[in-house]
Amino acid sequence: MVKVLGWLAVVGIAAGLTMGSAVAPREVTQGNVQRIMYLHVPAVWVAYLAFIVGFVASVVYLARRRDTADRLAHAACEVGTVFLGVNIATGAIWGKPTWGTWWTWDARLTSVAVVFVMFLAYLLLRQAVEDPERGARYAAVLGIVAALNIPLVHFSVYWWRTLHQPPSLLKPGTSAMPPSILAALLINFAALALLGAYFIARRARVLAAEAEALA
Amino acid sequence: MPDNWSFVAAAYGLAAIVFLGYWRRLGRKEREITALRADRGSHQPSRTGHPRPDAASRAPLP
């Protein structure tokens with residue numbers, strides 16, 4: 001099952017790269033640098049999804065104390081942090097030629113940086129607490145608190161004046177995006193979602209094997 | 001606006017490095033666990049409480 005997910009992700013990434021580089025047209029205002037969007041935007045969507053999985057698994061762990069829920073939360077939050085890191089880095093690379101700066105402390109960038117640091121703290125906390133049961137409990141609380149910040153990140157572009165543009169898709173009403181650009185974006189999202197699911201499944205399996213080996 | 005292909009290449013290259021690095025990290029962890037299991041399996045104590053010597057390392061009978 002995990003292997004199948006991995007191969008599906010490889011096929012999806014190949015299709016996504018083809019769509020993003022060859023099929024989708026050159027954007028009129030920004031030129032070809034806009035193609036970073038096909039990586040930058042899906043990466044944050046996958047990170048959001050992973051953090052939502054982590055949030056639900058953490059709630060389940062706190063309610064029922066099931067080790068499988070704890071391992072899923074750990075895996076999802078770790079993979080979400082990787083994708084969020086890719087989102088922030090590719091955003092900085094896109095920002096330099098379009099905004100003239102790698103980074104600015106506007107509401108969207110600052111809020112996403114806060115969430116990233118919170119999930120880094122989550123992963124550090126996992127390493128720092130020696131008692132695994134207590135570590136899992138603390139991590140579940142931090143995972144829930146960190147995930148609650150995701151709406152703040154998403155709506156920051158509406159609530160404050162920011163340099164970052166408002167969302168083109170995850171908003172009420174129809175999208176003004178041309179169909180070819182929208183198709184490339186959605187295919188890349190599917191590819192990265194498959195990659196994220198593969199990473200989470202494999203990481204959860206590693207955590208289960210680790211727990212079994214150390215028992 | 002110029003195309004800035006170097007920025008596009010940098011973004012995709014960086015993402016490839018991060019994802020491949022994470023994939024390799026998972027593989028390394030799996031190999032570590034397999035080695036740990038094998039190590040534990042070969043050091044199971046015998047019923048007398050003495051470590052059971054590996055069959056390959058035993059000296060042949062005279």
# chains A, B, ... in the order shown; residues from 1 in each chain; ligands from 1
call {"tool": "interface_residues", "arguments": {"of": "chain A", "to": "chain B", "cutoff": "10 Å", "atoms": "only C-alpha atoms", "output": "number ranges by chain"}}
result
A: 17, 21, 26-40, 43, 79, 82-83, 85-87, 89-98, 195-196, 198-199, 202-203, 205-207, 209-214
call {"tool": "write_last_selection", "arguments": {"atoms": "N, CA and C atoms", "output": "short mmCIF file (atom, residue, chain, number, x, y, z; two decimals), in the first residue's frame"}}
result
data_model
loop_
_atom_site.label_atom_id
_atom_site.label_comp_id
_atom_site.auth_asym_id
_atom_site.auth_seq_id
_atom_site.Cartn_x
_atom_site.Cartn_y
_atom_site.Cartn_z
N LEU A 17 4.92 18.27 -13.17
CA LEU A 17 6.04 19.03 -13.75
C LEU A 17 5.78 19.33 -15.22
N SER A 21 5.38 23.13 -16.44
CA SER A 21 6.46 23.72 -17.24
C SER A 21 6.12 23.83 -18.72
N ARG A 26 2.60 30.91 -20.25
CA ARG A 26 3.43 31.91 -19.57
C ARG A 26 2.49 33.00 -19.04
N GLU A 27 2.63 33.36 -17.80
CA GLU A 27 1.74 34.37 -17.21
C GLU A 27 2.12 35.75 -17.75
N VAL A 28 1.10 36.56 -18.06
CA VAL A 28 1.33 37.82 -18.79
C VAL A 28 2.14 38.82 -17.95
N THR A 29 1.79 39.03 -16.70
CA THR A 29 2.44 40.07 -15.89
C THR A 29 3.78 39.63 -15.33
N GLN A 30 3.83 38.43 -14.75
CA GLN A 30 5.04 38.01 -14.04
C GLN A 30 6.02 37.25 -14.94
N GLY A 31 5.55 36.73 -16.05
CA GLY A 31 6.42 35.90 -16.89
C GLY A 31 6.50 34.50 -16.33
N ASN A 32 7.58 33.78 -16.70
CA ASN A 32 7.68 32.37 -16.32
C ASN A 32 7.97 32.15 -14.84
N VAL A 33 8.37 33.19 -14.12
CA VAL A 33 8.66 33.01 -12.69
C VAL A 33 7.39 32.62 -11.92
N GLN A 34 6.23 32.91 -12.52
CA GLN A 34 4.95 32.54 -11.88
C GLN A 34 4.80 31.03 -11.78
N ARG A 35 5.60 30.26 -12.55
CA ARG A 35 5.51 28.78 -12.49
C ARG A 35 5.89 28.25 -11.11
N ILE A 36 6.52 29.06 -10.30
CA ILE A 36 6.81 28.66 -8.91
C ILE A 36 5.51 28.40 -8.15
N MET A 37 4.44 29.06 -8.61
CA MET A 37 3.14 28.89 -7.94
C MET A 37 2.70 27.41 -7.90
N TYR A 38 3.05 26.63 -8.97
CA TYR A 38 2.61 25.24 -9.03
C TYR A 38 3.27 24.36 -7.97
N LEU A 39 4.27 24.91 -7.31
CA LEU A 39 4.93 24.20 -6.21
C LEU A 39 4.57 24.87 -4.87
N HIS A 40 4.64 26.21 -4.87
CA HIS A 40 4.45 27.00 -3.64
C HIS A 40 3.04 26.81 -3.05
N ALA A 43 2.14 23.10 -1.95
CA ALA A 43 2.92 22.72 -0.76
C ALA A 43 2.22 23.18 0.51
N VAL A 79 5.63 15.67 8.61
CA VAL A 79 5.53 15.83 7.15
C VAL A 79 4.95 17.22 6.81
N VAL A 82 7.70 19.71 6.94
CA VAL A 82 8.56 19.65 5.74
C VAL A 82 7.92 20.43 4.59
N PHE A 83 6.62 20.20 4.37
CA PHE A 83 5.92 20.89 3.27
C PHE A 83 5.80 22.38 3.53
N GLY A 85 7.92 24.15 5.23
CA GLY A 85 9.28 24.67 4.98
C GLY A 85 9.51 24.92 3.50
N VAL A 86 9.06 23.97 2.67
CA VAL A 86 9.19 24.12 1.20
C VAL A 86 8.36 25.32 0.74
N ASN A 87 7.16 25.48 1.32
CA ASN A 87 6.30 26.61 0.95
C ASN A 87 6.98 27.94 1.28
N ALA A 89 10.22 28.57 1.78
CA ALA A 89 11.44 28.78 0.98
C ALA A 89 11.10 29.17 -0.46
N THR A 90 10.13 28.46 -1.06
CA THR A 90 9.79 28.78 -2.46
C THR A 90 9.10 30.15 -2.54
N GLY A 91 8.39 30.52 -1.48
CA GLY A 91 7.77 31.85 -1.43
C GLY A 91 8.82 32.95 -1.42
N ALA A 92 9.89 32.71 -0.65
CA ALA A 92 10.99 33.70 -0.60
C ALA A 92 11.65 33.83 -1.96
N ILE A 93 11.84 32.66 -2.63
CA ILE A 93 12.48 32.67 -3.96
C ILE A 93 11.58 33.38 -4.98
N TRP A 94 10.29 33.22 -4.84
CA TRP A 94 9.32 33.88 -5.75
C TRP A 94 9.23 35.38 -5.40
N GLY A 95 9.37 35.69 -4.13
CA GLY A 95 9.23 37.09 -3.68
C GLY A 95 10.33 38.00 -4.20
N LYS A 96 11.54 37.47 -4.31
CA LYS A 96 12.68 38.32 -4.72
C LYS A 96 12.46 38.97 -6.09
N PRO A 97 12.16 38.19 -7.15
CA PRO A 97 11.97 38.87 -8.45
C PRO A 97 10.65 39.64 -8.57
N THR A 98 9.62 39.27 -7.78
CA THR A 98 8.31 39.93 -7.97
C THR A 98 8.10 41.10 -6.99
N LEU A 195 2.31 12.53 -2.47
CA LEU A 195 3.64 12.46 -1.86
C LEU A 195 3.53 12.62 -0.33
N GLY A 196 2.70 13.56 0.10
CA GLY A 196 2.50 13.78 1.54
C GLY A 196 1.90 12.56 2.20
N TYR A 198 2.11 9.49 1.17
CA TYR A 198 3.15 8.45 1.17
C TYR A 198 4.13 8.66 2.33
N PHE A 199 4.57 9.91 2.50
CA PHE A 199 5.52 10.21 3.59
C PHE A 199 4.88 9.93 4.96
N ARG A 202 4.56 6.14 5.53
CA ARG A 202 5.86 5.51 5.77
C ARG A 202 6.45 5.92 7.12
N ARG A 203 6.27 7.20 7.47
CA ARG A 203 6.79 7.69 8.76
C ARG A 203 6.06 7.02 9.92
N ARG A 205 4.69 4.10 9.86
CA ARG A 205 5.17 2.71 9.90
C ARG A 205 6.53 2.62 10.59
N VAL A 206 7.41 3.58 10.31
CA VAL A 206 8.73 3.62 10.96
C VAL A 206 8.56 3.81 12.47
N LEU A 207 7.66 4.71 12.86
CA LEU A 207 7.43 4.97 14.29
C LEU A 207 6.90 3.72 15.00
N ALA A 209 7.41 0.57 14.05
CA ALA A 209 8.51 -0.40 14.11
C ALA A 209 9.50 -0.02 15.20
N GLU A 210 9.75 1.30 15.34
CA GLU A 210 10.67 1.81 16.37
C GLU A 210 10.15 1.46 17.76
N ALA A 211 8.85 1.70 17.97
CA ALA A 211 8.23 1.42 19.27
C ALA A 211 8.29 -0.08 19.58
N GLU A 212 8.07 -0.88 18.54
CA GLU A 212 8.08 -2.33 18.72
C GLU A 212 9.50 -2.83 19.03
N ALA A 213 10.48 -2.25 18.33
CA ALA A 213 11.87 -2.68 18.53
C ALA A 213 12.39 -2.29 19.91
N LEU A 214 11.94 -1.15 20.41
CA LEU A 214 12.44 -0.66 21.71
C LEU A 214 11.64 -1.19 22.89
#
call {"tool": "atom_distance", "arguments": {"atom1": "CA of Met118 in chain A", "atom2": "CA of Tyr138 in chain A"}}
result
13.0 Å
call {"tool": "residues_around", "arguments": {"residues": "Leu152 in chain A", "least_positions_apart": "2", "cutoff": "10 Å", "atoms": "only C-alpha atoms", "output": "number ranges by chain"}}
result
A: 107-108, 111-112, 115, 147-150, 154-159
